[in-house]
Amino acid sequence: MIFPKRHDSSKLRSVINPYILISIAVKNLLSKKLRTFLTMTGIVIGVGAVVFLVSLALGLHGVVNQQVLGSKSVNTIDVTTPNSNAILLDDSNVNKVSQFGHVKIVAPAYILAGEINYLNSQTDTVVYGTNNEYITLSALKFVAGAHKLTAANDAIVNTALLSLIGVSNSKSSLHRSLTVSTNVTKANGGHTTIISKLNIVGVVNTGSGAEIYMNSAPYSAAEAAQYGQLKVEADNRGNVPTLRHQIEGLGLTTSSPLDTLDQINKIFAIFTYVVIGFGGIGMVIAVLGMFNTLTISLLERTSEIGLMITLGARKADVQRLLIFEALVLSIVGGIGGLVVASLIGGIINITLTHLAGSRGVSGTIHAFSVSPLLVIATIALTIVVGWLVALYPSRRAARINPIDALKQE
Amino acid sequence: MSDNPPERNRNILISVNKLNKTFATKSGPVDVLFDNSFTVHENSFAIIFGPSGSGKTTLLNVLSALEPPTSGTVEIANQDIYRLNADQRAHFRAQTIGIVHQTDYWIKSLDVLENVALPLYLTGDNKAHALKQAQHSLEEVGMAEFSRTQPTVLSGGQQQKVSMARALVANPTLILADEPTGNLDSKNGQMIMDLLLKCQRELKQTIILVTHNIEYLPLSDTQLYIMDGRITETKRGQKMPEEILKSLTTQISELTAMEKEK
């Protein structure tokens with residue numbers, strides 16, 4: 001007879017190896033294939049519904065943010081004056097703003113009403129007398145030509161202006177000359193008319209009315225009373241509120257893309273909770289199915305649990321077996337739900353991108369967005385749910401009296 | 001047994017002292033075991049016998065560390081087992097006691113080999129070692145070829161042999177067998193008895209057998225006759241008390257009468 005020496009308890013781990021327990025849990029689940037498949041399908045649908053809807057909320061949030069903000073920096077603050085007679089947006093105030101902490105760029109612009117003369121046509125326009133920093137911070141959508149003003153008489157116009165003066169092709173407008181005349185109120189209260197002959201170097205499609213961007217030099221030279229707007233870039237997003245507060249302390253008015261962003265975030269936070277609620281209904285049904293499966297499986301296996309205890313299983317071993325069974329169901333089901341929801345979302349994204357492409361909209365559309373955070377949150381959720389669902393059956397299992405349980409067979 | 005030293009020369013393995021067991025039922029307390037004391041020596045063969053309902057299975061459950069007594073102590077291998085908590089008793093069972101039931105119980109999702117390995121798993125053994133030992137144990141009972149079979153598809157005799165393999169796998173000091181031959185034909189019954197005797201003689205294990213079958217009595221070193229919850233202990237070489245012999249004679253004549261009626 002080849003038998004080992006009797007075991008020395010001090011050399012053995014105190015409980016059954018968890019890998020063995022997991023393998024028994026998996027075998028128990030596989031021994032009832034149809035039941036396990038149906039329960040797991042329920043979890044796939046429940047988790048899939050939550051992930052699908054949340055990824056839709058996140059995707060739409062992203063799409064809306066992209067549309068609203070475009071390439072604008074969220075660190076930019078637009079500064080205007082609420083009352084141009086009482087508080088002036090002049091060099092004195094611009095200097096004060098530049099000296100505040102956390103200011104990276106201060107870019108002022110004269111914003112004036114003007115008139116364009118091009119060949120025989122005339123049209124009214126908004127004139128921005130400014131610099132390249134202001135143009136950069138404005139995040140204009142360029143469609144042709146240069147993105148900045150180089151020479152003193154360079155100008156960037158928008159497509160709305162071109163169509164008003166009868167130029168349909170943006171590219172053909174480049175290097176054409178036009179004349180801009182503006183009435184300027186001077187710092188001393190007088191008025192003057194400035195006429196500039198400009199050369200179109202760039203075209204943007206921002207804005208619905210006619211707009212032209214030119215150098216501010218002629219207006220500075222004419223000692224124009226004040227700027228129309230100031231763009232201030234903070235060194236980082238976190239300092240924007242403080243900086244705004246300081247600027248508003250000068251009596252000036254500020255606005256920031258963060259205002260819009262905050263509102264969008266608030267709306268989408270509510271939307272996300274609503275969709276989690278809808279998806280949650282499926283999840284609740286799946287959880288009830290899982291609870292039912294575990295409870296029935298426990299009732300069917302009462303004598304098996306009794307046998308395990310008779311053979312030396314501890315309460316913790318029995319509890320863990322049930323918990324592992326629940327975790328295998330919930331984690332595999334959860335991953336299945338993630339995969340299914342991601343696949344469907346991905347297919348819809350590709351379809352939308354194709355449809356949009358065929359209608360002339362470029363870029364990829366991410367109507368569904370499965371972020372790494374969503375994946376981690378989903379897996380964490382399935383672990384918590386699996387554990388919670390197993391709590392009652394596992395405690396019940398641990399209380400089984402092995403003698404009574406074996407009589408049930 | 002002739003090739004074993006006399007029982008009195010061996011150490012005491014089990015010492016039961018003033019054991020009482022009372023069950024609380026809806027109709028009041030029911031006393032099942034009264035004030036019983038006895039000993040079983042190491043490497044001996046003990047038989048618990050007596051009429052149905054006399055308390056045999058309750059006594060076996062108490063000895064299995066599964067049923068705490070109402071009063072009294074049970075020492076196995078110098079360990080007062082009911083001073084241990086439930087988890088410690090479970091560990092003690094896994095290491096010290098091999099149990100063979102009358103009916104075969106299995107973890108149905110596991111094959112024969114893993115069912116046999118289960119007691120080793122429960123002591124924290126690693127899978128590879130446990131399966132290797134389980135295979136050895138199956139070889140001992142002549143069931144190695146069925147290791148990858150589901151236990152429930154085996155015949156009663158084969159299942160009982162696998163059950164023996166499971167009881168032996170952790171090389172326990174003590175094997176408790178509750179009417180292991182009760183559901184078997186005489187050939188399979190004899191085979192299980194041979195296995196139990198082999199465990200005692202070759203593996204030096206202590207066997208406690210619960211049986212109705214009085215023809216096994218000559219095999220035993222200790223006979224524990226139980227009647228209405230009271231145990232009478234008779235060691236090999238001692239004369240069995242008259243009232244037990246009388247009761248056995250009555251049982252035999254009743255059985256003979258029943259056979260004649262058939």
# chains A, B, ... in the order shown; residues from 1 in each chain; ligands from 1

$ select_by_dssp --residues "segment 88-330 of chain A" --states "strand (DSSP E)" --output "ChimeraX atom specification"
/A:103-118,121-130,142-145,154-158,177-185,191-204,211-215,229-234,253-255

$ interface_residues --of "chain B" --to "chain A" --cutoff "6 Å" --atoms "only C-alpha atoms" --output "count of residues only"
12

$ closest_residue --among "A:Tyr213, A:Phe100, A:Phe271, A:Tyr219" --to "Tyr134 of chain A" --atoms "only C-alpha atoms"
A:Tyr213

$ residues_around --residues "Thr159 of chain A" --least-positions-apart "4" --cutoff "10 Å" --atoms "only C-alpha atoms" --output "list in words"
Phe142, Val143, Ala144, Ser163, Leu164, Ile165, Val167, Ser168, Asn169, Ser170, Ser173, Val203, Val204, Asn205, Thr206, Gly207, Ser208, Gly209, Ala210, Glu211 and Ile212 of chain A

$ closest_atom_pairs --of "segment 238-260 of chain A" --to "segment 51-67 of chain A" --cutoff "12 Å" --atoms "only C-alpha atoms" --output "JSON lines"
{"residue": "A:Pro257", "atom": "CA", "partner": "A:Asn65", "partner_atom": "CA", "distance": 10.0}
{"residue": "A:Leu258", "atom": "CA", "partner": "A:Asn65", "partner_atom": "CA", "distance": 10.6}
{"residue": "A:Asp259", "atom": "CA", "partner": "A:Asn65", "partner_atom": "CA", "distance": 12.0}
{"residue": "A:Thr260", "atom": "CA", "partner": "A:Asn65", "partner_atom": "CA", "distance": 8.9}

$ atom_distance --atom1 "atom CA of Ile105 of chain A" --atom2 "atom CA of Thr185 of chain A"
26.4 Å

$ decode --residues "segment 350-400 of chain A" --atoms "N, CA and C atoms" --output "mmCIF file, in the first residue's frame"
data_model
loop_
_atom_site.group_PDB
_atom_site.id
_atom_site.type_symbol
_atom_site.label_atom_id
_atom_site.label_comp_id
_atom_site.auth_asym_id
_atom_site.auth_seq_id
_atom_site.Cartn_x
_atom_site.Cartn_y
_atom_site.Cartn_z
ATOM 1 N N ILE A 350 -20.107 53.388 -36.645
ATOM 2 C CA ILE A 350 -19.582 53.254 -38.015
ATOM 3 C C ILE A 350 -20.674 53.630 -39.013
ATOM 4 N N THR A 351 -21.911 53.142 -38.754
ATOM 5 C CA THR A 351 -23.015 53.437 -39.667
ATOM 6 C C THR A 351 -23.278 54.942 -39.719
ATOM 7 N N LEU A 352 -23.318 55.593 -38.544
ATOM 8 C CA LEU A 352 -23.577 57.041 -38.502
ATOM 9 C C LEU A 352 -22.477 57.811 -39.222
ATOM 10 N N THR A 353 -21.215 57.376 -39.009
ATOM 11 C CA THR A 353 -20.083 58.061 -39.649
ATOM 12 C C THR A 353 -20.197 57.958 -41.174
ATOM 13 N N HIS A 354 -20.601 56.761 -41.647
ATOM 14 C CA HIS A 354 -20.774 56.560 -43.093
ATOM 15 C C HIS A 354 -21.895 57.436 -43.631
ATOM 16 N N LEU A 355 -23.022 57.435 -42.890
ATOM 17 C CA LEU A 355 -24.173 58.235 -43.323
ATOM 18 C C LEU A 355 -23.807 59.709 -43.374
ATOM 19 N N ALA A 356 -23.135 60.188 -42.324
ATOM 20 C CA ALA A 356 -22.744 61.592 -42.262
ATOM 21 C C ALA A 356 -21.753 61.906 -43.378
ATOM 22 N N GLY A 357 -20.822 60.963 -43.616
ATOM 23 C CA GLY A 357 -19.829 61.144 -44.672
ATOM 24 C C GLY A 357 -20.504 61.303 -46.025
ATOM 25 N N SER A 358 -21.546 60.498 -46.264
ATOM 26 C CA SER A 358 -22.227 60.557 -47.561
ATOM 27 C C SER A 358 -22.986 61.872 -47.716
ATOM 28 N N ARG A 359 -23.208 62.581 -46.601
ATOM 29 C CA ARG A 359 -23.873 63.895 -46.681
ATOM 30 C C ARG A 359 -22.866 65.039 -46.506
ATOM 31 N N GLY A 360 -21.621 64.733 -46.647
ATOM 32 C CA GLY A 360 -20.585 65.764 -46.670
ATOM 33 C C GLY A 360 -20.042 66.172 -45.307
ATOM 34 N N VAL A 361 -20.424 65.464 -44.238
ATOM 35 C CA VAL A 361 -19.881 65.804 -42.917
ATOM 36 C C VAL A 361 -18.643 64.938 -42.670
ATOM 37 N N SER A 362 -17.527 65.621 -42.413
ATOM 38 C CA SER A 362 -16.308 64.840 -42.227
ATOM 39 C C SER A 362 -16.122 64.474 -40.752
ATOM 40 N N GLY A 363 -15.218 63.575 -40.493
ATOM 41 C CA GLY A 363 -14.891 63.184 -39.115
ATOM 42 C C GLY A 363 -15.713 61.992 -38.657
ATOM 43 N N THR A 364 -15.194 61.342 -37.588
ATOM 44 C CA THR A 364 -15.864 60.158 -37.042
ATOM 45 C C THR A 364 -16.897 60.601 -36.016
ATOM 46 N N ILE A 365 -18.054 59.952 -36.038
ATOM 47 C CA ILE A 365 -19.082 60.285 -35.042
ATOM 48 C C ILE A 365 -19.066 59.230 -33.949
ATOM 49 N N HIS A 366 -18.856 59.698 -32.734
ATOM 50 C CA HIS A 366 -18.851 58.779 -31.584
ATOM 51 C C HIS A 366 -20.128 58.963 -30.786
ATOM 52 N N ALA A 367 -21.239 58.478 -31.351
ATOM 53 C CA ALA A 367 -22.507 58.600 -30.629
ATOM 54 C C ALA A 367 -22.505 57.691 -29.403
ATOM 55 N N PHE A 368 -21.727 56.584 -29.477
ATOM 56 C CA PHE A 368 -21.587 55.679 -28.322
ATOM 57 C C PHE A 368 -20.130 55.687 -27.914
ATOM 58 N N SER A 369 -19.894 55.917 -26.653
ATOM 59 C CA SER A 369 -18.508 55.973 -26.200
ATOM 60 C C SER A 369 -18.330 55.065 -24.988
ATOM 61 N N VAL A 370 -17.551 53.975 -25.176
ATOM 62 C CA VAL A 370 -17.255 53.081 -24.048
ATOM 63 C C VAL A 370 -15.857 53.423 -23.546
ATOM 64 N N SER A 371 -15.810 54.199 -22.469
ATOM 65 C CA SER A 371 -14.515 54.641 -21.949
ATOM 66 C C SER A 371 -13.933 53.565 -21.028
ATOM 67 N N PRO A 372 -12.609 53.606 -20.805
ATOM 68 C CA PRO A 372 -12.009 52.642 -19.857
ATOM 69 C C PRO A 372 -12.673 52.725 -18.474
ATOM 70 N N LEU A 373 -13.062 53.951 -18.089
ATOM 71 C CA LEU A 373 -13.716 54.124 -16.786
ATOM 72 C C LEU A 373 -15.042 53.360 -16.744
ATOM 73 N N LEU A 374 -15.772 53.417 -17.872
ATOM 74 C CA LEU A 374 -17.059 52.706 -17.932
ATOM 75 C C LEU A 374 -16.829 51.197 -17.818
ATOM 76 N N VAL A 375 -15.760 50.718 -18.485
ATOM 77 C CA VAL A 375 -15.445 49.280 -18.429
ATOM 78 C C VAL A 375 -15.117 48.880 -16.983
ATOM 79 N N ILE A 376 -14.251 49.673 -16.337
ATOM 80 C CA ILE A 376 -13.857 49.359 -14.956
ATOM 81 C C ILE A 376 -15.074 49.428 -14.038
ATOM 82 N N ALA A 377 -15.894 50.480 -14.222
ATOM 83 C CA ALA A 377 -17.078 50.652 -13.365
ATOM 84 C C ALA A 377 -18.035 49.479 -13.543
ATOM 85 N N THR A 378 -18.192 49.023 -14.802
ATOM 86 C CA THR A 378 -19.119 47.920 -15.063
ATOM 87 C C THR A 378 -18.629 46.643 -14.389
ATOM 88 N N ILE A 379 -17.326 46.366 -14.526
ATOM 89 C CA ILE A 379 -16.795 45.139 -13.921
ATOM 90 C C ILE A 379 -16.898 45.226 -12.397
ATOM 91 N N ALA A 380 -16.599 46.410 -11.855
ATOM 92 C CA ALA A 380 -16.725 46.594 -10.399
ATOM 93 C C ALA A 380 -18.177 46.367 -9.979
ATOM 94 N N LEU A 381 -19.104 46.906 -10.768
ATOM 95 C CA LEU A 381 -20.532 46.755 -10.453
ATOM 96 C C LEU A 381 -20.937 45.283 -10.461
ATOM 97 N N THR A 382 -20.459 44.537 -11.483
ATOM 98 C CA THR A 382 -20.854 43.127 -11.567
ATOM 99 C C THR A 382 -20.282 42.336 -10.384
ATOM 100 N N ILE A 383 -19.077 42.708 -9.942
ATOM 101 C CA ILE A 383 -18.495 42.012 -8.785
ATOM 102 C C ILE A 383 -19.333 42.287 -7.533
ATOM 103 N N VAL A 384 -19.681 43.571 -7.344
ATOM 104 C CA VAL A 384 -20.481 43.933 -6.163
ATOM 105 C C VAL A 384 -21.841 43.235 -6.214
ATOM 106 N N VAL A 385 -22.474 43.272 -7.398
ATOM 107 C CA VAL A 385 -23.801 42.656 -7.543
ATOM 108 C C VAL A 385 -23.720 41.146 -7.272
ATOM 109 N N GLY A 386 -22.715 40.493 -7.861
ATOM 110 C CA GLY A 386 -22.557 39.047 -7.671
ATOM 111 C C GLY A 386 -22.392 38.698 -6.203
ATOM 112 N N TRP A 387 -21.582 39.499 -5.520
ATOM 113 C CA TRP A 387 -21.312 39.254 -4.107
ATOM 114 C C TRP A 387 -22.580 39.456 -3.273
ATOM 115 N N LEU A 388 -23.309 40.559 -3.577
ATOM 116 C CA LEU A 388 -24.531 40.849 -2.816
ATOM 117 C C LEU A 388 -25.581 39.759 -3.025
ATOM 118 N N VAL A 389 -25.712 39.321 -4.305
ATOM 119 C CA VAL A 389 -26.723 38.309 -4.604
ATOM 120 C C VAL A 389 -26.398 37.003 -3.871
ATOM 121 N N ALA A 390 -25.106 36.728 -3.708
ATOM 122 C CA ALA A 390 -24.710 35.456 -3.089
ATOM 123 C C ALA A 390 -24.796 35.491 -1.566
ATOM 124 N N LEU A 391 -24.919 36.701 -0.996
ATOM 125 C CA LEU A 391 -24.877 36.807 0.468
ATOM 126 C C LEU A 391 -25.887 35.902 1.159
ATOM 127 N N TYR A 392 -27.166 36.024 0.748
ATOM 128 C CA TYR A 392 -28.211 35.272 1.442
ATOM 129 C C TYR A 392 -28.044 33.763 1.233
ATOM 130 N N PRO A 393 -27.972 33.294 -0.050
ATOM 131 C CA PRO A 393 -27.822 31.844 -0.231
ATOM 132 C C PRO A 393 -26.571 31.290 0.454
ATOM 133 N N SER A 394 -25.472 32.067 0.445
ATOM 134 C CA SER A 394 -24.239 31.520 1.006
ATOM 135 C C SER A 394 -24.345 31.411 2.528
ATOM 136 N N ARG A 395 -25.014 32.387 3.146
ATOM 137 C CA ARG A 395 -25.190 32.305 4.607
ATOM 138 C C ARG A 395 -26.088 31.128 4.960
ATOM 139 N N ARG A 396 -27.100 30.951 4.108
ATOM 140 C CA ARG A 396 -28.020 29.844 4.345
ATOM 141 C C ARG A 396 -27.269 28.515 4.214
ATOM 142 N N ALA A 397 -26.401 28.461 3.210
ATOM 143 C CA ALA A 397 -25.635 27.230 2.984
ATOM 144 C C ALA A 397 -24.745 26.918 4.186
ATOM 145 N N ALA A 398 -24.156 27.982 4.742
ATOM 146 C CA ALA A 398 -23.228 27.769 5.859
ATOM 147 C C ALA A 398 -23.963 27.290 7.109
ATOM 148 N N ARG A 399 -25.284 27.531 7.149
ATOM 149 C CA ARG A 399 -26.050 27.128 8.343
ATOM 150 C C ARG A 399 -26.616 25.711 8.214
ATOM 151 N N ILE A 400 -26.365 25.092 7.062
ATOM 152 C CA ILE A 400 -26.923 23.749 6.836
ATOM 153 C C ILE A 400 -26.372 22.759 7.868
#
